[in-house]
Structures are given as C-alpha cells and as structure tokens.
Amino acid sequence: MDPKQENHILPKDIIEKLFPYELPTPEELEKKYPPRYLQEGAMVTRVGPSPTGLMHIGGVYSALISERLAHQTKGVFYLRIEDTDELRSKAETTEVIVKALDHFDIPTDEGMTISGEEKGKYGPYTQSARKDIYRSMVRSLVEKGKAYPCFCTGEETKAMGEEQMKQGLRPGYYGKWAKWRDAAPGDVSKELEKGTPFVIRLRSEGNFENKIKVHDLLKGDLELSENDIDKKILTASSGLPTYHLAHAVDDHFMGTTDVIRGDEWVSSVPLHLQLFDAFGWKAPRYGHLAPIQKMDGGSKRKISKRKDPEANAMLYKDQGYPPEAVVEYLLNLANSAFEDWRKANPKKDNREFELTLKGLSKSNGPLFDFVKLNDISKDIVSRMSADEIYEKSMVWAKEYDPKLAEEMEKNSDYTKSIFNIERMGEARGRKDIGKWADMDSEIGYFFDPLFDEKKPAVALSSYGVAKEERESIVGDFLETYNENDTKDEWFEKIKDIARKFGYAEGAKQYKLEPEKYKGQVGDVAKIFRVLLTGKTNTPDLYSIMKVMGKERVVRRLKDCDSV
RNA sequence: GGCCCUAUCGUCUAACGGUUAGGACGGAAGCUUUUCAAGCUUUAAAUCAGGGUUCGAUUCCCUGUAGGGUCACCA
C-alpha cells in the first residue's frame, strides 16, 4: 500500500462507529454476483430511470438503444430503478416505468416486471434495497484510506462554494477546502460522539491539471480533466449512495459492459473511472447520448419533464401513436440509416434492423420533430390491415374516447368496412390516420350520433353554391341514385348532373375554358361530400356512400334542407 | 465565468482530403375518371465566419462566433 495513504487510514474503532452494521464483505459480494458467462462480444446494458412518476421520452430513447445493442449481441438488457433520491422518488411509480417499457415493446431480461416481481440473479434491482452493498463497499474504501467521513453541513458547503466563486476559484470540495480530508482521528471521534450527521467522501488523488483521454462509444475520443474533487459518495444516515457510487457499484456487480446514458454525465466520467479504479474494477465502456431538444422561443433547449408535455413518454400513448411509430422515429434519430433500411424493407419488423455502434449518430442534440413522427406513424398505419386498425384503435378508444369505442363496437363490421375504404386490395392504404386521436375527425362522421354532433360545422361549411341550386342538385341525384351502381355508373350520373347545371365534367375542361362553366364536377361532388361527412376532405366518395348504405345517404342528403 | 463537447438545406442527417455536397420530413409545381390522401415527375433549399496547412478542405489546425453540457442539491 501507498505509505502516504496509510497515514490517512482511520483507526479501526472509528471505522466501526462509522459503519455500525452487519455488512457483507466485498469478497462475499463478488461471490454472490459472479461474472456473467456470455459469448464474445455480448453487451450487457441497462436503463436506470428514477421513479418520479413520469417516464421521460429520453429515457425511452436510451433504453431502446441499450436494449437493441444488448439483444443484437445476444447479451443482457436490464432495468434498474434508481431511487436514491428520497425526496423525489415515489416507490409506487416504478410501475409507470415498467409499463412504459412494456408499451414501447422494449423487453427487459432482468429487473422489475409488469407483474410487480423482480426477475434476474443480480438483484435486488432497486437501489434503495441495496444499501448494505453500498455501505460494504464504501467501508472497504474507508478501510483503505480512499474515503473519509465529512461532517460539513449543507449550508457550509454551499457557503464554501459561494466563497470560491467570489474569489474566482473553481467551486468544490478539494484541496485546502477539503476540511475533513485530513482531519485528526480525534476530531472525527468527537463529532461522532456528538452524533453529527456525516457523509462519506471519496479521497481524490486526481490533479485537475492532468488530462485523461477517454473513448466514448458515441462521441469518440474526449480529453477531460482528472477529477480532484472529494465527491460525496454516501449519505451515512440513510445509507443511500450518490449516483456516482451507485453507478460504479451496481454496474460492476451487475456485470454491465456498456453504459449508454445521457450527455450530462460526460463530465463525471473521470470521477467514475476513479471510483472503478479505487475498487480495483474494470470500468465499463461509455456512450453518451445528446438530449432530445425542442425549440423554445429562438433557441434550442432540452425537453423538460416539468415544462413540456412531449417529454412524457406516455403522451404518445394518450395520443394514440402506435408504439412502433415512436420506436421507429427514435430509431431514426439514433441512426438515420434506418430510414433507408425501412424503405428497402417495408414489411420487416424493425428489430431486424441492426443498430450498430458505429452507425449511431453523433448528434449534438436533435430537435423533436412531430411532423416527422406523424409521417412515420401514418406510414405505419397505412400498412396495417383493416382488422388490425380496428383492434388497435379499439384498445385506444376504449380508454380515451368511449363514445367512439361504443359506436365502433356496436357496428364492428361497418367500422371495418370503413377502414377498408381505399385499403382493400391495395399494398397500403390511405395515409390519413397517424394516431388514434385522429380517428374522431377522420372517420367519426360515419356514425350517426357522432355526425350529429358535427352538424353545426356542416352548416358553417361553405358550399360555394346557392341553396336553391344545391337542393335541385341533390334532388336530381336522389332521383337516380342506386346503391348498386358500379363506380363508373355512379360517376356518370354525377357528371350528368354537373353538365345539366353548367359545370364542367372534368377538371381539365374547366381549366381550359373556365369562363364557360360555373365550376367543375368536383364542385358538385363537394356538395355531396360535405352533406354526407361534414368535411371537405375525405376518402373516395363513391366508397363512402357504399359503406354508409342507401338509407343513411338519403337521410343525410335530404337533411340539406335543414342545414 | 472556468472546463468539456458540437457546428452541413427550415428539421433529422450522409459524404477514405478529390462528389454536380446525397437522402428523408416539410415547402413549391405538374401529372392522375370527382375531393382528400397516396403515388409518380420536377423544383427551391445547406457546409457558421475569418485565417492557415494542402495541387485540392464540409473533412486537418488556429481564432472568433453561436449552441449544448457541467461546475450546490438530484439523478
């Protein structure tokens, strides 16, 4: 042992008082959590959210990347609940996290499950249940003189930081500011006697002037200063570790090989390396992800749990985005080659896309783009069958739009034929529904009770046609309307009406000689469309009439008198 | 403010030091037996600025500028 360090080792009896617990020894822990036997190249990754009641979309993003990397290499992906913040953690909200991962189909091999039980041999997977492990490891550090107790109060350290700032110094517990670093054992005893609360700090041997080279999986080679701050690693009274210690201890005993985490940890890497080194462990590889950002006023900023609803992963469920749409959007952010892959393999499961470390984009923080998400989502829905849409949207509607769900359920065959419009026999359907929350506006009018609610909107729609003319047009149509007409026959009748009332029978003729006509056949069709649906943009009108059935069509058209 | 990282169309991003700087979303235009959507065709749109190094720089170096991160607690 380094003789210099030996001088700082506290007497045994003091260490006993520091840790008056029955604790496992590090050797016992090593035995209990042996190395994992995995094939060469297998990655062990994890996601470590804190249970604050919300799952952040960024958490889903890093979980997704971690999960894909692990499973593509036949490794292990696990969930660890990081609830070491007593004030903010709410135990019951672990469920939120588990459900979110389940919703986005990000399967975990170990950790808390949806049934509320833990699986895996490296548990417990909740940090608050691992206090003895942290205490044991911190004690071993103290025994080696690599950590020590500090009795400063929060106010004291705060005041110290302010003083340092005032003097233009780097704030932090280091150098001569590290009051308890070399305290005499007697002073320590005295405080212990008094029962002064204390924390354990790492005795840093680093020098801020020294640079270390770190290879980041995502950012490449980085040059960082050594850590010289005696960081707090354990709150003695609660036995709870700080993130830093918990990270080192847990990721070591749980066998993590690759840590994918947020950007905000980059500057802590030297500390973490120091910690692994102090324990004599091999550090994992690190990959730091830039945060997803949004535009706020004129500048970019990280999307925040508190201010931005879109930060909440469950928002996307509430809105009825198919989970795979969100996943594919995130995959695309992670690696833009995904887009090309998807184009080349429209039908494949996105799991077949290989997310390589090399391909991960070195983004500096992408802006969340809802327009793009919508496009991806519409594409995914357009590839679903009518039955699939029915099933999935039903699950959503039951929770979020009971009225719509009721109608859909009562009229299931009718609803499916609605979804089949411009979908039957096509490779892909209309690209109009992006999220289930769109359903009410996109197809709600098919159901009489929902259509009735929209009537005021129908009345407001401008037809561009005088009421009398509109009524004669509708009257003419009803005289010859036969619901068994083929599309061509049906369209001929519409054209007849158009001609009769002075409209061009096609857009082309109208464009050639606009002065000769009142409008074109599309304007005539629009009258029927608005009367039937309350909208100016809908799927193919002929199909709509077919699906609605004669009775409903006639009723709604006749209704035009009252509109 | 110190330190670290980053800088390509509006957005997400490609491009061994040699490309007409590519793609996607969005925009615009056109085509299509009715609207809307899709589809197809076309199109506008970018290397932050200034200095180097080099035959040649989006790419390497320096400076500036801008953005992000971090520096008390929390994770």
# chains A, B, ... in the order shown; residues from 1 in each chain; ligands from 1

call {"tool": "interface_residues", "arguments": {"of": "chain A", "to": "chain B", "cutoff": "6 Å", "atoms": "only C-alpha atoms (C1' of nucleotides)", "output": "list in words"}}
result
Lys158, Glu264, Ser267, Asn364, Lys372, Arg430, Lys431, Gly522, Ala525, Asn537 and Thr538 of chain A

call {"tool": "write_last_selection", "arguments": {"atoms": "C-alpha atoms", "output": "PDB file, in the first residue's frame"}}
result
ATOM      1  CA  LYS A 158     -22.862  25.942  -0.063  1.00  0.00           C
ATOM      2  CA  GLU A 264     -24.971  15.278 -18.797  1.00  0.00           C
ATOM      3  CA  SER A 267     -18.053  15.495 -17.192  1.00  0.00           C
ATOM      4  CA  ASN A 364     -25.431  17.237 -30.818  1.00  0.00           C
ATOM      5  CA  LYS A 372     -41.761  13.612 -38.972  1.00  0.00           C
ATOM      6  CA  ARG A 430     -54.700   5.825 -47.307  1.00  0.00           C
ATOM      7  CA  LYS A 431     -52.145   7.707 -45.377  1.00  0.00           C
ATOM      8  CA  GLY A 522     -65.519  18.265 -58.294  1.00  0.00           C
ATOM      9  CA  ALA A 525     -69.134  16.178 -55.662  1.00  0.00           C
ATOM     10  CA  ASN A 537     -61.548  16.180 -47.445  1.00  0.00           C
ATOM     11  CA  THR A 538     -62.489  12.560 -47.134  1.00  0.00           C
TER      12      THR A 538
END

call {"tool": "residues_around", "arguments": {"residues": "U65 (chain B)", "least_positions_apart": "6", "cutoff": "12 Å", "atoms": "only C-alpha atoms (C1' of nucleotides)", "output": "VMD selection string"}}
result
chain B and resid 7 48 to 50

call {"tool": "write_last_selection", "arguments": {"atoms": "N, CA and C atoms (P, O5', C5', C4', C3', O3' and C1' of nucleotides)", "output": "PDB file, in the first residue's frame"}}
result
ATOM      1  P     A B   7     -19.439  18.805 -35.401  1.00  0.00           P
ATOM      2  O5'   A B   7     -20.337  20.096 -35.724  1.00  0.00           O
ATOM      3  C5'   A B   7     -21.745  19.919 -35.890  1.00  0.00           C
ATOM      4  C4'   A B   7     -22.386  21.273 -36.148  1.00  0.00           C
ATOM      5  C3'   A B   7     -22.026  21.872 -37.504  1.00  0.00           C
ATOM      6  O3'   A B   7     -23.141  22.480 -38.130  1.00  0.00           O
ATOM      7  C1'   A B   7     -21.381  23.346 -35.747  1.00  0.00           C
ATOM      8  P     C B  48     -20.566  25.081 -41.641  1.00  0.00           P
ATOM      9  O5'   C B  48     -20.859  26.619 -41.369  1.00  0.00           O
ATOM     10  C5'   C B  48     -22.132  27.193 -41.629  1.00  0.00           C
ATOM     11  C4'   C B  48     -22.108  28.597 -41.077  1.00  0.00           C
ATOM     12  C3'   C B  48     -20.837  29.361 -41.400  1.00  0.00           C
ATOM     13  O3'   C B  48     -20.929  30.006 -42.653  1.00  0.00           O
ATOM     14  C1'   C B  48     -21.256  29.479 -39.083  1.00  0.00           C
ATOM     15  P     A B  49     -19.583  30.271 -43.464  1.00  0.00           P
ATOM     16  O5'   A B  49     -18.955  31.470 -42.624  1.00  0.00           O
ATOM     17  C5'   A B  49     -19.536  32.766 -42.645  1.00  0.00           C
ATOM     18  C4'   A B  49     -18.610  33.718 -41.926  1.00  0.00           C
ATOM     19  C3'   A B  49     -17.166  33.676 -42.433  1.00  0.00           C
ATOM     20  O3'   A B  49     -16.984  34.537 -43.542  1.00  0.00           O
ATOM     21  C1'   A B  49     -17.177  33.488 -40.081  1.00  0.00           C
ATOM     22  P     G B  50     -15.821  34.171 -44.612  1.00  0.00           P
ATOM     23  O5'   G B  50     -14.484  34.487 -43.810  1.00  0.00           O
ATOM     24  C5'   G B  50     -14.216  35.827 -43.420  1.00  0.00           C
ATOM     25  C4'   G B  50     -12.994  35.846 -42.541  1.00  0.00           C
ATOM     26  C3'   G B  50     -11.792  35.078 -43.088  1.00  0.00           C
ATOM     27  O3'   G B  50     -11.125  35.802 -44.102  1.00  0.00           O
ATOM     28  C1'   G B  50     -12.062  34.565 -40.815  1.00  0.00           C
TER      29        G B  50
END

call {"tool": "residues_around", "arguments": {"residues": "region 242-252 of chain A", "least_positions_apart": "6", "cutoff": "7 Å", "atoms": "only C-alpha atoms (C1' of nucleotides)", "output": "ChimeraX atom specification"}}
result
/A:134,233-234,272,275-276 /B:75

call {"tool": "write_last_selection", "arguments": {"atoms": "C-alpha atoms (C1' of nucleotides)", "output": "PDB file, in the first residue's frame"}}
result
ATOM      1  CA  TYR A 134     -23.094   0.287  -0.920  1.00  0.00           C
ATOM      2  CA  ILE A 233     -20.433   9.164  -2.354  1.00  0.00           C
ATOM      3  CA  LEU A 234     -22.652   8.115   0.502  1.00  0.00           C
ATOM      4  CA  HIS A 272     -16.428   7.341 -12.317  1.00  0.00           C
ATOM      5  CA  LEU A 275     -14.201   5.057  -8.497  1.00  0.00           C
ATOM      6  CA  PHE A 276     -13.788   1.903 -10.535  1.00  0.00           C
TER       7      PHE A 276
ATOM      8  C1'   A B  75     -30.469  11.845 -10.997  1.00  0.00           C
TER       9        A B  75
END

call {"tool": "atom_distance", "arguments": {"atom1": "CA of Gly168 (chain A)", "atom2": "CA of Leu224 (chain A)"}}
result
21.1 Å

call {"tool": "select_by_dssp", "arguments": {"residues": "region 16-124 of chain A", "states": "strand (DSSP E)", "output": "ChimeraX atom specification"}}
result
/A:44-47,76-79,111-112,118-119

call {"tool": "closest_residue", "arguments": {"among": "A:Tyr542, A:Phe19, A:Tyr286, A:Trp177", "to": "Met43 (chain A)", "atoms": "only C-alpha atoms"}}
result
A:Tyr286

call {"tool": "closest_residue", "arguments": {"among": "B:G17, B:G22, B:U43, B:C31", "to": "G56 (chain B)", "atoms": "only C-alpha atoms (C1' of nucleotides)"}}
result
B:G17

call {"tool": "closest_residue", "arguments": {"among": "A:Gln127, A:Ser417, A:Thr536, A:Asn227", "to": "Glu442 (chain A)", "atoms": "only C-alpha atoms"}}
result
A:Thr536

call {"tool": "closest_residue", "arguments": {"among": "A:Lys190, A:Arg261, A:Lys121, A:Lys12", "to": "Pro291 (chain A)", "atoms": "only C-alpha atoms"}}
result
A:Arg261

call {"tool": "atom_distance", "arguments": {"atom1": "CA of Pro26 (chain A)", "atom2": "CA of Ala236 (chain A)"}}
result
18.3 Å

call {"tool": "decode", "arguments": {"residues": "region 206-226 of chain A", "atoms": "C-alpha atoms", "output": "compact mmCIF listing (two decimals), in the first residue's frame"}}
result
# COMPACT_ATOMS: atom_id res chain seq x y z
CA GLY A 206 -6.54 13.38 -9.08
CA ASN A 207 -4.99 16.55 -10.37
CA PHE A 208 -7.19 18.95 -12.25
CA GLU A 209 -4.28 19.99 -14.44
CA ASN A 210 -3.89 16.49 -15.78
CA LYS A 211 -5.88 15.46 -18.78
CA ILE A 212 -7.12 11.98 -19.38
CA LYS A 213 -8.17 10.51 -22.66
CA VAL A 214 -11.48 8.76 -22.72
CA HIS A 215 -13.02 6.91 -25.60
CA ASP A 216 -16.72 7.44 -25.85
CA LEU A 217 -18.77 4.97 -27.85
CA LEU A 218 -20.77 7.76 -29.40
CA LYS A 219 -18.71 10.90 -29.14
CA GLY A 220 -15.34 9.44 -29.97
CA ASP A 221 -12.16 10.44 -28.20
CA LEU A 222 -12.55 13.00 -25.46
CA GLU A 223 -10.00 14.80 -23.39
CA LEU A 224 -11.10 15.51 -19.84
CA SER A 225 -9.51 16.84 -16.72
CA GLU A 226 -8.82 14.47 -13.89
